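**Q** One structure follows; several queries about it will come next.
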Amino acid sequence: MKSKLGQNNTQQRPKKQGKQTIMRFAGLGSTLAASIGLGSIGGRKLDEYFALEKPFITAAGGILGLAVGMWSVLRNIQSK
């Protein structure tokens with residue numbers, strides 16, 4: 001009986017670790033998407049405020065959001 005219990009616990013750990021890994025990376029993806037989205041929205045608002053014909057600040061905001069999001073993701077990956 002003890003060997004069966006030990007086997008069950010061993011089998012459950014990878015599943016639990018797998019779910020934690022999936023949730024961790026899903027959270028990192030959400031962080032990256034939110035950073036890009038907020039940068040783009042902020043850039044769009046500034047484009048409207050300055051009445052620019054071409055969305056230069058929107059593009060810059062999206063790129064800045066991408067950079068900040070990637071920095072956050074890489075920092076998170078390296079810390080764990």
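Please note that chains go A, B, ... in the order of the structure tokens, that every chain numbers its residues from 1, and that ligands are numbered from 1 in the order shown.
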Name all residues at most 8 Å from Gly37 of chain A (count only C-alpha atoms; drop same-chain ones fewer than 3 positions away) and give them as a PyMOL selection string.

**A** chain A and resi 33-34+40-41+62+65

**Q** May I have the residues from that selection written out with N, CA and C atoms, as a PDB file, in the first residue's frame?

**A**
ATOM      1  N   ALA A  33       0.829  41.609 -23.028  1.00  0.00           N
ATOM      2  CA  ALA A  33      -0.292  42.166 -23.794  1.00  0.00           C
ATOM      3  C   ALA A  33      -0.807  43.458 -23.167  1.00  0.00           C
ATOM      4  N   ALA A  34      -0.902  43.483 -21.851  1.00  0.00           N
ATOM      5  CA  ALA A  34      -1.384  44.691 -21.167  1.00  0.00           C
ATOM      6  C   ALA A  34      -0.413  45.850 -21.360  1.00  0.00           C
ATOM      7  N   SER A  40      -0.099  51.622 -26.375  1.00  0.00           N
ATOM      8  CA  SER A  40      -0.792  52.036 -27.601  1.00  0.00           C
ATOM      9  C   SER A  40      -1.960  52.974 -27.302  1.00  0.00           C
ATOM     10  N   ILE A  41      -2.713  52.660 -26.270  1.00  0.00           N
ATOM     11  CA  ILE A  41      -3.847  53.519 -25.906  1.00  0.00           C
ATOM     12  C   ILE A  41      -3.353  54.896 -25.458  1.00  0.00           C
ATOM     13  N   GLY A  62       3.294  51.947 -28.502  1.00  0.00           N
ATOM     14  CA  GLY A  62       3.253  50.487 -28.643  1.00  0.00           C
ATOM     15  C   GLY A  62       4.635  49.874 -28.507  1.00  0.00           C
ATOM     16  N   GLY A  65       5.647  50.152 -24.911  1.00  0.00           N
ATOM     17  CA  GLY A  65       4.928  49.128 -24.154  1.00  0.00           C
ATOM     18  C   GLY A  65       5.527  47.749 -24.364  1.00  0.00           C
TER      19      GLY A  65
END

**Q** What's the 12 Å shell around Gly61 of chain A, counting only C-alpha atoms, without same-chain residues fewer than 2 positions away, as an MDAnalysis selection string?

**A** chainID A and resid 35:47 55:59 63:69

**Q** Mind writing the picked residues with N, CA and C atoms as a PDB file, in the first residue's frame?

**A**
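Now in out_1.pdb:
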ATOM      1  N   SER A  35       0.879  45.573 -21.309  1.00  0.00           N
ATOM      2  CA  SER A  35       1.878  46.633 -21.500  1.00  0.00           C
ATOM      3  C   SER A  35       1.786  47.236 -22.894  1.00  0.00           C
ATOM      4  N   ILE A  36       1.670  46.388 -23.893  1.00  0.00           N
ATOM      5  CA  ILE A  36       1.564  46.873 -25.272  1.00  0.00           C
ATOM      6  C   ILE A  36       0.262  47.648 -25.449  1.00  0.00           C
ATOM      7  N   GLY A  37      -0.822  47.108 -24.918  1.00  0.00           N
ATOM      8  CA  GLY A  37      -2.120  47.773 -25.040  1.00  0.00           C
ATOM      9  C   GLY A  37      -2.149  49.133 -24.366  1.00  0.00           C
ATOM     10  N   LEU A  38      -1.619  49.215 -23.164  1.00  0.00           N
ATOM     11  CA  LEU A  38      -1.608  50.495 -22.457  1.00  0.00           C
ATOM     12  C   LEU A  38      -0.719  51.513 -23.155  1.00  0.00           C
ATOM     13  N   GLY A  39       0.414  51.057 -23.672  1.00  0.00           N
ATOM     14  CA  GLY A  39       1.287  51.963 -24.417  1.00  0.00           C
ATOM     15  C   GLY A  39       0.615  52.494 -25.671  1.00  0.00           C
ATOM     16  N   SER A  40      -0.099  51.622 -26.375  1.00  0.00           N
ATOM     17  CA  SER A  40      -0.792  52.036 -27.601  1.00  0.00           C
ATOM     18  C   SER A  40      -1.960  52.974 -27.302  1.00  0.00           C
ATOM     19  N   ILE A  41      -2.713  52.660 -26.270  1.00  0.00           N
ATOM     20  CA  ILE A  41      -3.847  53.519 -25.906  1.00  0.00           C
ATOM     21  C   ILE A  41      -3.353  54.896 -25.458  1.00  0.00           C
ATOM     22  N   GLY A  42      -2.305  54.902 -24.641  1.00  0.00           N
ATOM     23  CA  GLY A  42      -1.734  56.176 -24.215  1.00  0.00           C
ATOM     24  C   GLY A  42      -1.214  56.985 -25.397  1.00  0.00           C
ATOM     25  N   GLY A  43      -0.569  56.312 -26.335  1.00  0.00           N
ATOM     26  CA  GLY A  43      -0.077  56.990 -27.533  1.00  0.00           C
ATOM     27  C   GLY A  43      -1.207  57.537 -28.384  1.00  0.00           C
ATOM     28  N   ARG A  44      -2.278  56.785 -28.479  1.00  0.00           N
ATOM     29  CA  ARG A  44      -3.429  57.250 -29.270  1.00  0.00           C
ATOM     30  C   ARG A  44      -4.054  58.501 -28.643  1.00  0.00           C
ATOM     31  N   LYS A  45      -4.175  58.483 -27.328  1.00  0.00           N
ATOM     32  CA  LYS A  45      -4.725  59.659 -26.639  1.00  0.00           C
ATOM     33  C   LYS A  45      -3.832  60.884 -26.863  1.00  0.00           C
ATOM     34  N   LEU A  46      -2.528  60.686 -26.822  1.00  0.00           N
ATOM     35  CA  LEU A  46      -1.619  61.809 -27.072  1.00  0.00           C
ATOM     36  C   LEU A  46      -1.693  62.278 -28.526  1.00  0.00           C
ATOM     37  N   ASP A  47      -1.856  61.338 -29.455  1.00  0.00           N
ATOM     38  CA  ASP A  47      -2.033  61.723 -30.864  1.00  0.00           C
ATOM     39  C   ASP A  47      -3.286  62.581 -31.032  1.00  0.00           C
ATOM     40  N   PRO A  55      -0.187  58.555 -36.847  1.00  0.00           N
ATOM     41  CA  PRO A  55      -0.113  58.046 -35.460  1.00  0.00           C
ATOM     42  C   PRO A  55       1.310  57.740 -34.984  1.00  0.00           C
ATOM     43  N   PHE A  56       2.168  58.747 -35.004  1.00  0.00           N
ATOM     44  CA  PHE A  56       3.545  58.527 -34.584  1.00  0.00           C
ATOM     45  C   PHE A  56       3.643  58.178 -33.098  1.00  0.00           C
ATOM     46  N   ILE A  57       2.904  58.875 -32.278  1.00  0.00           N
ATOM     47  CA  ILE A  57       2.995  58.636 -30.835  1.00  0.00           C
ATOM     48  C   ILE A  57       2.340  57.299 -30.477  1.00  0.00           C
ATOM     49  N   THR A  58       1.323  56.903 -31.232  1.00  0.00           N
ATOM     50  CA  THR A  58       0.714  55.586 -31.002  1.00  0.00           C
ATOM     51  C   THR A  58       1.735  54.486 -31.258  1.00  0.00           C
ATOM     52  N   ALA A  59       2.466  54.614 -32.362  1.00  0.00           N
ATOM     53  CA  ALA A  59       3.498  53.622 -32.687  1.00  0.00           C
ATOM     54  C   ALA A  59       4.591  53.619 -31.623  1.00  0.00           C
ATOM     55  N   ILE A  63       5.628  50.519 -29.113  1.00  0.00           N
ATOM     56  CA  ILE A  63       7.002  50.015 -29.016  1.00  0.00           C
ATOM     57  C   ILE A  63       7.522  50.150 -27.583  1.00  0.00           C
ATOM     58  N   LEU A  64       7.217  51.262 -26.946  1.00  0.00           N
ATOM     59  CA  LEU A  64       7.613  51.441 -25.555  1.00  0.00           C
ATOM     60  C   LEU A  64       6.928  50.406 -24.656  1.00  0.00           C
ATOM     61  N   GLY A  65       5.647  50.152 -24.911  1.00  0.00           N
ATOM     62  CA  GLY A  65       4.928  49.128 -24.154  1.00  0.00           C
ATOM     63  C   GLY A  65       5.527  47.749 -24.364  1.00  0.00           C
ATOM     64  N   LEU A  66       5.934  47.452 -25.594  1.00  0.00           N
ATOM     65  CA  LEU A  66       6.587  46.178 -25.886  1.00  0.00           C
ATOM     66  C   LEU A  66       7.898  46.060 -25.115  1.00  0.00           C
ATOM     67  N   ALA A  67       8.679  47.123 -25.108  1.00  0.00           N
ATOM     68  CA  ALA A  67       9.958  47.101 -24.394  1.00  0.00           C
ATOM     69  C   ALA A  67       9.758  46.908 -22.893  1.00  0.00           C
ATOM     70  N   VAL A  68       8.808  47.642 -22.326  1.00  0.00           N
ATOM     71  CA  VAL A  68       8.538  47.519 -20.890  1.00  0.00           C
ATOM     72  C   VAL A  68       7.996  46.127 -20.568  1.00  0.00           C
ATOM     73  N   GLY A  69       7.100  45.622 -21.405  1.00  0.00           N
ATOM     74  CA  GLY A  69       6.543  44.285 -21.185  1.00  0.00           C
ATOM     75  C   GLY A  69       7.599  43.198 -21.277  1.00  0.00           C
TER      76      GLY A  69
END

**Q** Ranking A:Ala60, A:Phe50, A:Ser72, A:Lys16 by minimum distance to Thr31 of chain A and counting only C-alpha atoms, which one comes first?

**A** A:Ser72

**Q** Separation of atom CA of Leu28 of chain A and atom CA of Val73 of chain A, in Å?

**A**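 Answer for the atom CA of Leu28 of chain A to atom CA of Val73 of chain A separation: 5.9 Å.
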
**Q** From the set A:Gln17, A:Glu53, A:Glu48, A:Met70, which residue has the shortest atom-to-atom contact distance to Gly29 of chain A, counting only C-alpha atoms?

**A**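 Ranked by minimum distance to Gly29 of chain A, first place goes to A:Met70.
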
**Q** Give me, please, the distance in Å between atom CA of Leu74 of chain A and atom CA of Gln20 of chain A, quoted to one decimal.

**A** 17.8 Å
